[in-house]
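**Q** For reference, the file query35.cif (mmCIF, C-alpha atoms) is included below:
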data_model
loop_
_atom_site.label_atom_id
_atom_site.label_comp_id
_atom_site.auth_asym_id
_atom_site.auth_seq_id
_atom_site.Cartn_x
_atom_site.Cartn_y
_atom_site.Cartn_z
CA MET A 1 63.03 90.42 120.22
CA THR A 2 62.07 94.07 120.51
CA GLU A 3 65.70 95.19 120.32
CA GLU A 4 66.34 92.97 117.27
CA LYS A 5 63.30 94.41 115.51
CA GLU A 6 64.44 97.93 116.32
CA GLU A 7 67.91 97.14 114.95
CA GLU A 8 66.44 95.89 111.66
CA GLU A 9 64.47 99.14 111.23
CA LEU A 10 67.53 101.34 111.66
CA LYS A 11 68.95 103.12 108.64
CA PRO A 12 72.48 102.07 107.56
CA TRP A 13 74.15 105.16 109.00
CA GLU A 14 72.25 104.72 112.28
CA GLN A 15 73.59 101.19 112.51
CA HIS A 16 77.08 102.58 111.83
CA SER A 17 76.81 104.87 114.85
CA ARG A 18 76.39 101.84 117.09
CA VAL A 19 79.90 100.72 116.19
CA ILE A 20 82.06 103.61 114.93
CA SER A 21 81.61 107.30 115.74
CA ILE A 22 81.59 109.97 113.07
CA PRO A 23 83.70 113.09 113.73
CA ARG A 24 82.16 116.53 113.89
CA PHE A 25 82.93 119.11 111.22
CA ASP A 26 86.01 121.18 111.95
CA TYR A 27 84.74 124.73 111.53
CA ASN A 28 88.27 126.11 111.88
CA SER A 29 89.32 124.38 108.67
CA PRO A 30 88.26 127.15 106.22
CA SER A 31 90.47 129.76 107.86
CA SER A 32 93.27 127.23 108.29
CA LEU A 33 93.15 126.31 104.59
CA LEU A 34 93.57 129.99 103.71
CA GLN A 35 96.61 130.33 105.99
CA ARG A 36 98.69 127.37 104.83
CA SER A 37 98.73 124.31 102.60
CA HIS A 38 97.10 121.07 103.76
CA SER A 39 97.18 117.48 102.55
CA GLY A 40 94.34 115.01 102.79
CA PHE A 41 91.76 113.12 100.79
CA LEU A 42 88.78 114.18 98.68
CA LEU A 43 86.29 111.36 98.22
CA THR A 44 83.31 111.03 95.92
CA CYS A 45 80.43 108.98 97.27
CA THR A 46 76.81 108.08 96.78
CA ILE A 47 74.57 111.14 97.22
CA LYS A 48 72.58 111.10 100.47
CA ARG A 49 74.95 108.47 101.83
CA GLU A 50 77.63 110.89 102.99
CA LYS A 51 77.49 109.71 106.61
CA SER A 52 77.81 106.07 105.63
CA ALA A 53 80.67 106.95 103.27
CA THR A 54 82.44 108.94 105.99
CA LYS A 55 82.40 105.98 108.36
CA GLU A 56 83.51 103.66 105.59
CA ALA A 57 86.39 105.95 104.61
CA ILE A 58 87.54 106.48 108.19
CA SER A 59 87.44 102.78 109.02
CA ILE A 60 89.67 101.94 106.03
CA LEU A 61 91.96 104.98 106.26
CA HIS A 62 92.53 104.16 109.95
CA LYS A 63 94.40 101.06 108.86
CA TYR A 64 96.59 102.69 106.22
CA VAL A 65 97.26 106.06 107.84
CA GLY A 66 97.84 104.44 111.24
CA HIS A 67 100.18 101.80 109.80
CA ASN A 68 102.09 104.54 107.95
CA ASN A 69 102.56 106.46 111.19
CA ILE A 70 103.67 103.34 113.04
CA GLU A 71 106.31 102.61 110.40
CA ASN A 72 107.56 106.21 110.55
CA SER A 73 107.77 106.17 114.35
CA GLN A 74 109.68 102.89 114.26
CA ARG A 75 112.23 104.34 111.86
CA LEU A 76 112.67 107.38 114.12
CA GLU A 77 113.15 105.16 117.16
CA SER A 78 115.55 102.74 115.48
CA SER A 79 118.38 103.88 117.76
CA ASN A 80 116.63 102.52 120.87
CA THR A 81 117.80 99.46 122.79
CA ALA A 82 117.61 95.92 121.41
CA GLY A 83 114.78 95.09 123.80
CA ASP A 84 112.69 97.97 122.53
CA SER A 85 113.42 96.97 118.95
CA LYS A 86 112.33 93.40 119.65
CA ARG A 87 109.11 94.59 121.25
CA ARG A 88 108.31 96.80 118.24
CA LYS A 89 108.98 93.85 115.95
CA VAL A 90 106.50 91.70 117.88
CA CYS A 91 103.83 94.38 117.60
CA THR A 92 104.44 94.79 113.88
CA ASP A 93 104.29 91.03 113.30
CA ASP A 94 101.05 90.81 115.24
CA MET A 95 99.48 93.52 113.12
CA GLY A 96 100.18 91.55 109.96
CA GLY A 97 98.77 88.28 111.35
CA LYS A 98 95.55 86.89 112.64
CA CYS A 99 95.98 88.34 116.09
CA ALA A 100 95.66 91.89 114.76
CA ASP A 101 92.33 91.01 113.13
CA GLY A 102 91.09 89.40 116.33
CA ALA A 103 92.19 92.39 118.38
CA GLU A 104 90.37 94.75 116.06
CA ILE A 105 87.16 92.76 116.46
CA ASN A 106 87.50 92.77 120.23
CA SER A 107 88.04 96.51 120.36
CA ILE A 108 84.94 97.06 118.21
CA GLU A 109 82.91 94.76 120.40
CA GLU A 110 84.00 96.88 123.32
CA ASP A 111 82.67 100.03 121.65
CA SER A 112 79.36 98.45 120.71
CA ALA A 113 78.73 96.77 124.05
CA GLY A 114 80.08 99.62 126.16
CA GLY A 115 81.94 97.17 128.38
CA GLY A 116 85.55 96.60 129.28
CA LEU A 117 88.24 95.24 127.02
CA GLN A 118 87.90 91.52 126.46
CA LYS A 119 90.83 89.32 127.45
CA ASN A 120 92.70 87.75 124.59
CA GLU A 121 96.11 86.43 123.71
CA CYS A 122 97.02 89.34 121.51
CA HIS A 123 97.11 92.24 123.94
CA SER A 124 100.20 93.80 122.30
CA SER A 125 98.46 94.13 118.94
CA VAL A 126 95.45 95.73 120.63
CA LYS A 127 97.79 98.34 122.03
CA THR A 128 99.35 98.85 118.61
CA ALA A 129 95.96 99.19 116.97
CA THR A 130 94.94 101.70 119.63
CA ASN A 131 98.08 103.73 118.94
CA ALA A 132 97.28 103.71 115.24
CA GLU A 133 93.83 105.12 115.92
CA THR A 134 95.33 107.81 118.13
CA ASP A 135 97.73 108.77 115.34
CA PHE A 136 94.82 109.06 112.90
CA ASP A 137 94.34 112.80 113.29
CA MET A 138 92.24 114.21 110.45
CA SER A 139 89.69 116.99 110.17
CA LEU A 140 86.33 116.55 108.47
CA VAL A 141 85.70 119.68 106.41
CA LYS A 142 82.15 120.78 105.63
CA LEU A 143 81.44 121.15 101.90
CA THR A 144 78.67 122.88 99.96
CA ARG A 145 78.01 119.97 97.59
CA ASN A 146 76.52 116.54 98.12
CA GLY A 147 78.36 113.38 97.21
CA LEU A 148 81.75 114.69 98.37
CA LEU A 149 83.86 114.23 101.51
CA LEU A 150 86.99 116.14 102.47
CA LEU A 151 89.39 114.91 105.16
CA THR A 152 92.52 116.96 105.84
CA PHE A 153 95.55 116.55 108.07
CA PRO A 154 95.71 119.47 110.53
CA ARG A 155 99.47 119.21 111.00
CA GLU A 156 102.14 120.25 108.53
CA HIS A 157 104.16 117.01 108.57
CA SER A 158 101.53 114.57 107.39
CA PRO A 159 101.74 111.06 105.89
CA ASN A 160 102.33 110.61 102.15
CA THR A 161 98.81 110.62 100.71
CA ILE A 162 99.96 109.22 97.35
CA ASN A 163 101.56 106.20 99.02
CA ILE A 164 98.46 105.61 101.14
CA VAL A 165 96.14 105.54 98.12
CA SER A 166 98.65 103.39 96.21
CA ASN A 167 98.65 100.90 99.08
CA ILE A 168 94.85 100.83 99.08
CA PHE A 169 94.77 100.01 95.36
CA GLN A 170 97.47 97.38 95.85
CA SER A 171 95.39 95.74 98.59
CA LEU A 172 92.29 95.88 96.40
CA GLY A 173 94.20 94.15 93.60
CA SER A 174 95.53 91.41 95.85
CA GLY A 175 92.21 90.91 97.62
CA SER A 176 93.74 91.55 101.05
CA LEU A 177 91.52 94.58 101.72
CA LYS A 178 88.36 93.21 103.30
CA SER A 179 85.13 94.86 104.35
CA PRO A 180 85.37 96.72 107.67
CA VAL A 181 84.56 94.53 110.65
CA TYR A 182 81.59 96.66 111.71
CA ARG A 183 79.71 95.65 108.57
CA LEU A 184 79.36 92.12 109.90
CA MET A 185 76.84 93.49 112.37
CA PHE A 186 74.56 94.94 109.67
CA SER A 187 71.22 93.36 108.94
CA HIS A 188 69.69 96.05 106.74
CA PRO A 189 68.27 94.54 103.48
CA GLU A 190 69.70 97.35 101.36
CA PHE A 191 73.15 96.76 102.79
CA ASN A 192 72.96 93.01 102.13
CA MET A 193 72.05 93.70 98.51
CA MET A 194 74.98 96.10 98.14
CA HIS A 195 77.36 93.73 99.91
CA SER A 196 76.88 91.15 97.16
CA THR A 197 79.47 93.06 95.09
CA ASP A 198 82.23 91.69 97.43
CA SER A 199 83.87 95.13 97.47
CA PRO A 200 85.12 96.76 100.68
CA PHE A 201 83.85 100.06 99.28
CA LEU A 202 80.08 100.35 99.07
CA TRP A 203 79.54 104.07 99.42
CA CYS A 204 82.88 105.61 98.40
CA HIS A 205 83.57 105.71 94.66
CA ARG A 206 86.91 107.50 94.29
CA ILE A 207 89.54 108.77 96.69
CA PHE A 208 91.70 111.63 95.47
CA PRO A 209 94.93 112.09 97.45
CA ILE A 210 95.58 115.79 98.01
CA GLN A 211 99.27 116.61 98.34
CA ALA A 212 98.79 120.35 98.82
CA THR A 213 96.15 123.05 98.80
CA CYS A 214 96.37 126.69 97.77
CA VAL A 215 94.19 129.68 97.07
CA LEU A 216 93.10 129.77 93.44
CA LYS A 217 95.46 132.49 92.27
CA GLU A 218 97.97 132.27 89.43
CA LYS A 219 101.14 132.76 91.51
CA GLU A 220 100.02 130.40 94.27
CA LEU A 221 98.94 127.71 91.82
CA GLN A 222 102.17 127.94 89.82
CA ALA A 223 104.31 127.74 92.95
CA THR A 224 102.36 124.74 94.29
CA VAL A 225 102.51 122.81 91.01
CA SER A 226 106.21 123.57 90.51
CA LYS A 227 107.08 122.35 94.02
CA LEU A 228 105.14 119.09 93.64
CA VAL A 229 106.48 118.38 90.13
CA LEU A 230 110.03 118.88 91.37
CA GLN A 231 109.40 116.40 94.19
CA PHE A 232 107.96 113.89 91.71
CA VAL A 233 110.88 114.20 89.29
CA ASN A 234 113.48 113.91 92.06
CA ASP A 235 111.85 110.77 93.47
CA GLU A 236 114.03 107.85 92.34
CA GLN A 237 111.01 105.53 92.34
CA ASN A 238 109.54 107.42 89.38
CA LYS A 239 111.23 106.28 86.18
CA LEU A 240 110.64 108.91 83.50
CA SER A 241 111.41 108.90 79.78
CA ARG A 242 112.48 111.88 77.68
CA PRO A 243 110.63 113.96 76.88
CA VAL A 244 108.51 113.55 80.01
CA LYS A 245 104.88 112.96 79.08
CA PHE A 246 102.35 114.77 81.25
CA ALA A 247 98.66 115.66 81.34
CA VAL A 248 96.55 118.14 83.29
CA GLY A 249 93.12 117.56 84.79
CA TYR A 250 90.91 120.26 86.27
CA ASN A 251 87.71 119.40 88.12
CA ARG A 252 85.45 122.35 88.87
CA ARG A 253 82.63 120.86 90.92
CA GLY A 254 80.30 123.68 91.88
CA PHE A 255 81.73 125.94 89.17
CA GLU A 256 78.37 127.48 88.21
CA GLU A 257 77.37 128.19 91.80
CA LYS A 258 80.72 129.75 92.66
CA GLN A 259 80.84 131.86 89.51
CA ASN A 260 77.40 133.30 90.21
CA LYS A 261 78.30 134.17 93.81
CA ILE A 262 81.52 136.02 92.99
CA PRO A 263 80.84 139.77 92.78
CA LYS A 264 81.31 141.05 89.23
CA ASP A 265 83.25 144.07 90.49
CA THR A 266 85.74 141.94 92.41
CA LYS A 267 89.26 143.36 92.27
CA ASP A 268 90.88 139.95 92.03
CA SER A 269 90.55 139.01 88.37
CA ASP A 270 92.70 135.89 88.94
CA VAL A 271 89.74 134.10 90.52
CA LEU A 272 87.46 134.53 87.53
CA ALA A 273 90.27 133.88 85.05
CA LEU A 274 91.39 130.61 86.62
CA LEU A 275 87.85 129.29 86.75
CA ASP A 276 88.22 129.04 82.99
CA ARG A 277 89.49 125.57 82.17
CA ASN A 278 91.83 126.64 79.35
CA LYS A 279 93.41 129.36 81.46
CA CYS A 280 94.07 126.92 84.30
CA PHE A 281 95.58 124.40 81.87
CA THR A 282 97.91 127.09 80.53
CA VAL A 283 99.10 128.11 84.00
CA VAL A 284 99.68 124.51 85.14
CA ALA A 285 101.43 123.47 81.91
CA ALA A 286 103.76 126.46 82.20
CA ALA A 287 104.62 125.46 85.77
CA VAL A 288 105.44 121.91 84.65
CA LYS A 289 107.65 123.09 81.79
CA GLU A 290 109.44 125.50 84.12
CA VAL A 291 110.63 122.52 86.16
CA VAL A 292 110.95 119.98 83.33
CA SER A 293 111.85 121.82 80.14
CA ASP A 294 112.06 118.54 78.23
CA SER A 295 108.36 117.68 78.58
CA ALA A 296 105.34 117.29 76.33
CA VAL A 297 101.59 116.92 76.77
CA ASP A 298 100.30 113.39 76.26
CA LEU A 299 96.64 112.78 77.09
CA LYS A 300 96.68 109.07 76.26
CA SER A 301 99.55 107.73 78.41
CA PRO A 302 100.95 110.45 80.68
CA GLU A 303 103.82 109.52 82.99
CA LEU A 304 102.74 112.17 85.45
CA SER A 305 99.32 113.77 85.78
CA VAL A 306 98.67 117.09 87.45
CA LEU A 307 95.18 117.03 88.93
CA VAL A 308 93.61 120.22 90.25
CA GLU A 309 90.38 119.93 92.23
CA LEU A 310 88.23 122.93 93.10
CA LEU A 311 87.18 122.34 96.70
CA PRO A 312 83.63 123.56 97.47
CA ILE A 313 84.42 124.45 101.08
CA SER A 314 81.64 125.84 103.23
CA GLY A 315 82.36 129.02 105.16
CA LEU A 316 84.78 130.65 102.73
CA PRO A 317 84.12 134.13 101.32
CA SER A 318 82.59 133.84 97.85
CA GLU A 319 85.56 135.59 96.23
CA LEU A 320 88.10 133.16 97.74
CA LEU A 321 88.49 129.68 96.26
CA VAL A 322 90.75 126.84 97.38
CA VAL A 323 92.02 123.99 95.21
CA GLY A 324 93.64 120.67 95.99
CA VAL A 325 96.64 119.71 93.85
CA SER A 326 98.41 116.39 93.31
CA ILE A 327 100.96 114.91 90.93
CA LEU A 328 99.87 111.34 90.24
CA PRO A 329 101.80 108.47 88.66
CA GLN A 330 100.37 106.61 85.70
CA LYS A 331 99.16 103.66 87.78
CA LEU A 332 96.70 105.82 89.75
CA VAL A 333 94.90 107.54 86.89
CA THR A 334 92.54 106.71 84.07
CA THR A 335 92.38 108.74 80.86
CA LYS A 336 88.97 107.58 79.63
CA PRO A 337 86.50 109.14 79.33
CA ARG A 338 88.60 111.91 80.88
CA LEU A 339 91.66 112.25 83.08
CA SER A 340 90.80 111.36 86.68
CA ILE A 341 91.82 109.25 89.64
CA ARG A 342 91.01 105.56 89.27
CA ALA A 343 87.70 104.31 90.65
CA LEU A 344 87.77 102.18 93.77
CA VAL A 345 85.31 99.69 92.29
CA SER A 346 84.51 98.54 88.77
CA GLY A 347 82.14 100.55 86.59
CA THR A 348 79.28 98.13 87.11
CA ASN A 349 79.57 98.08 90.86
CA ALA A 350 79.99 101.84 91.02
CA LYS A 351 76.85 102.29 88.96
CA ASN A 352 74.93 99.95 91.27
CA GLY A 353 76.20 101.96 94.22
#
Do you think you could lay out the structure here as structure tokens?
**A**
Amino acid sequence: MTEEKEEEELKPWEQHSRVISIPRFDYNSPSSLLQRSHSGFLLTCTIKREKSATKEAISILHKYVGHNNIENSQRLESSNTAGDSKRRKVCTDDMGGKCADGAEINSIEEDSAGGGLQKNECHSSVKTATNAETDFDMSLVKLTRNGLLLLTFPREHSPNTINIVSNIFQSLGSGSLKSPVYRLMFSHPEFNMMHSTDSPFLWCHRIFPIQATCVLKEKELQATVSKLVLQFVNDEQNKLSRPVKFAVGYNRRGFEEKQNKIPKDTKDSDVLALLDRNKCFTVVAAAVKEVVSDSAVDLKSPELSVLVELLPISGLPSELLVVGVSILPQKLVTTKPRLSIRALVSGTNAKNG
């Protein structure tokens, strides 16, 4: 009885730690982000619930990033023997069925109880799930603002972040994305009230897929946007009309704080210039038109949207800023009240969160 009472008094994030561990901040990330481009995810979440949101995001991204890596590895190993191919097929089938769900529950029970792996009839899917978790290699980057999370891939050849977020929205639409298993263990009254929304996302509001990062300088930003637009246009899955309709979004969270910290006598005028929204729009639009000459701005129904996010990364010199850039298809954005990535939950539920 004493243990049950203690469990009820635990805060939500303390209950999380009983089931899923939260990674430590990667303090090498700031220097790494200055050296080369990274992909990843920027998430908005409930303020003062960053730890809960981190666990929620990791538990869901585990499934989609891990499954993406498994599919890629299977394609690379397609030349193996027929026996190996059959074994991979069995593992993949198990992941899509009930056995995979049961295996996931068993593995979580192992973490919470601290005991050995429970015996079950779906050992192959447990192994597959374990491999997916091993492949989930992301760095948690410390930020200077509350209500934001940044997860980046440390390696250069990372999964397609746009496809991952698209798959998440597809699962949300079909109802196949359920609440993480660890939530079934919660007994906190606040959690039970939030869980009445029937949404798998309680703390995370939006997830912005970052295709590339760069230092906020005109040449770097132009080169990054041009490269990503070219990839988008050359992708046969993207059916574009003529002229191509595009829009630009620029989110400057922490703009006032950063502007005040930048020395007025800084030699790099690009930093101060590109903090201006109109200047950034001009640079990005020019980069788009350089790749697609037959294009026009359309804020109501853009076929491709260039989103630039100022990343408030802790540990960077005040005169150096890093942005995340992505080219998003129409299905992933909303234009009202302003251009942004779609919310993970409805407006009412997000407000309640």
**Q** If the PyMOL selection byres ((chain A and resi 33-38) around 12) were run on this exact file, what residues would it hold? Put them as a ChimeraX atom specification.
**A** /A:26-32,39-42,138-139,141,150-161,209-217,220-221,223-224,311,313-317,320-326
**Q** Any idea what the distance is between atom CA of A:Thr335 and atom CA of A:Lys300?
**A**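 We find that atom CA of A:Thr335 and atom CA of A:Lys300 lie 6.3 Å from each other.
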**Q** Residues within 8 Å of A:Pro312, please, as a list in words. Count all atoms listed in the file; anything in the same chain fewer than 3 positions from it doesn't count.
**A** Leu143, Thr144, Arg145, Arg253, Gly254, Leu321 and Val322 of chain A
**Q** So which residues are close to (79.4, 111.0, 107.2), meaning at most 12 Å away in the file's coordinates with all atoms listed in the file counted, and can you show them as a VMD selection string?
**A** chain A and resid 12 to 14 16 to 17 20 to 25 43 to 59 140 to 143 146 to 151 203 to 204
**Q** Residue by residue, what does the PyMOL selection byres ((chain A and resi 232) around 12) grab here? Present the result as a ChimeraX atom specification.
**A** /A:162,211,225-231,233-240,244,246,288,291-292,303-306,326-329
**Q** Which one is closest to A:Lys331: A:Ala286, A:Ala343, A:Ala296, A:Val248? Count all atoms listed in the file.
**A**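 That would be A:Ala343, the residue with the smallest distance to A:Lys331.
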**Q** Taking into account all atoms listed in the file, which residue in the set A:Leu61, A:Leu177, A:Pro200, A:Ile168 is nearest to A:Asp137?
**A** A:Leu61
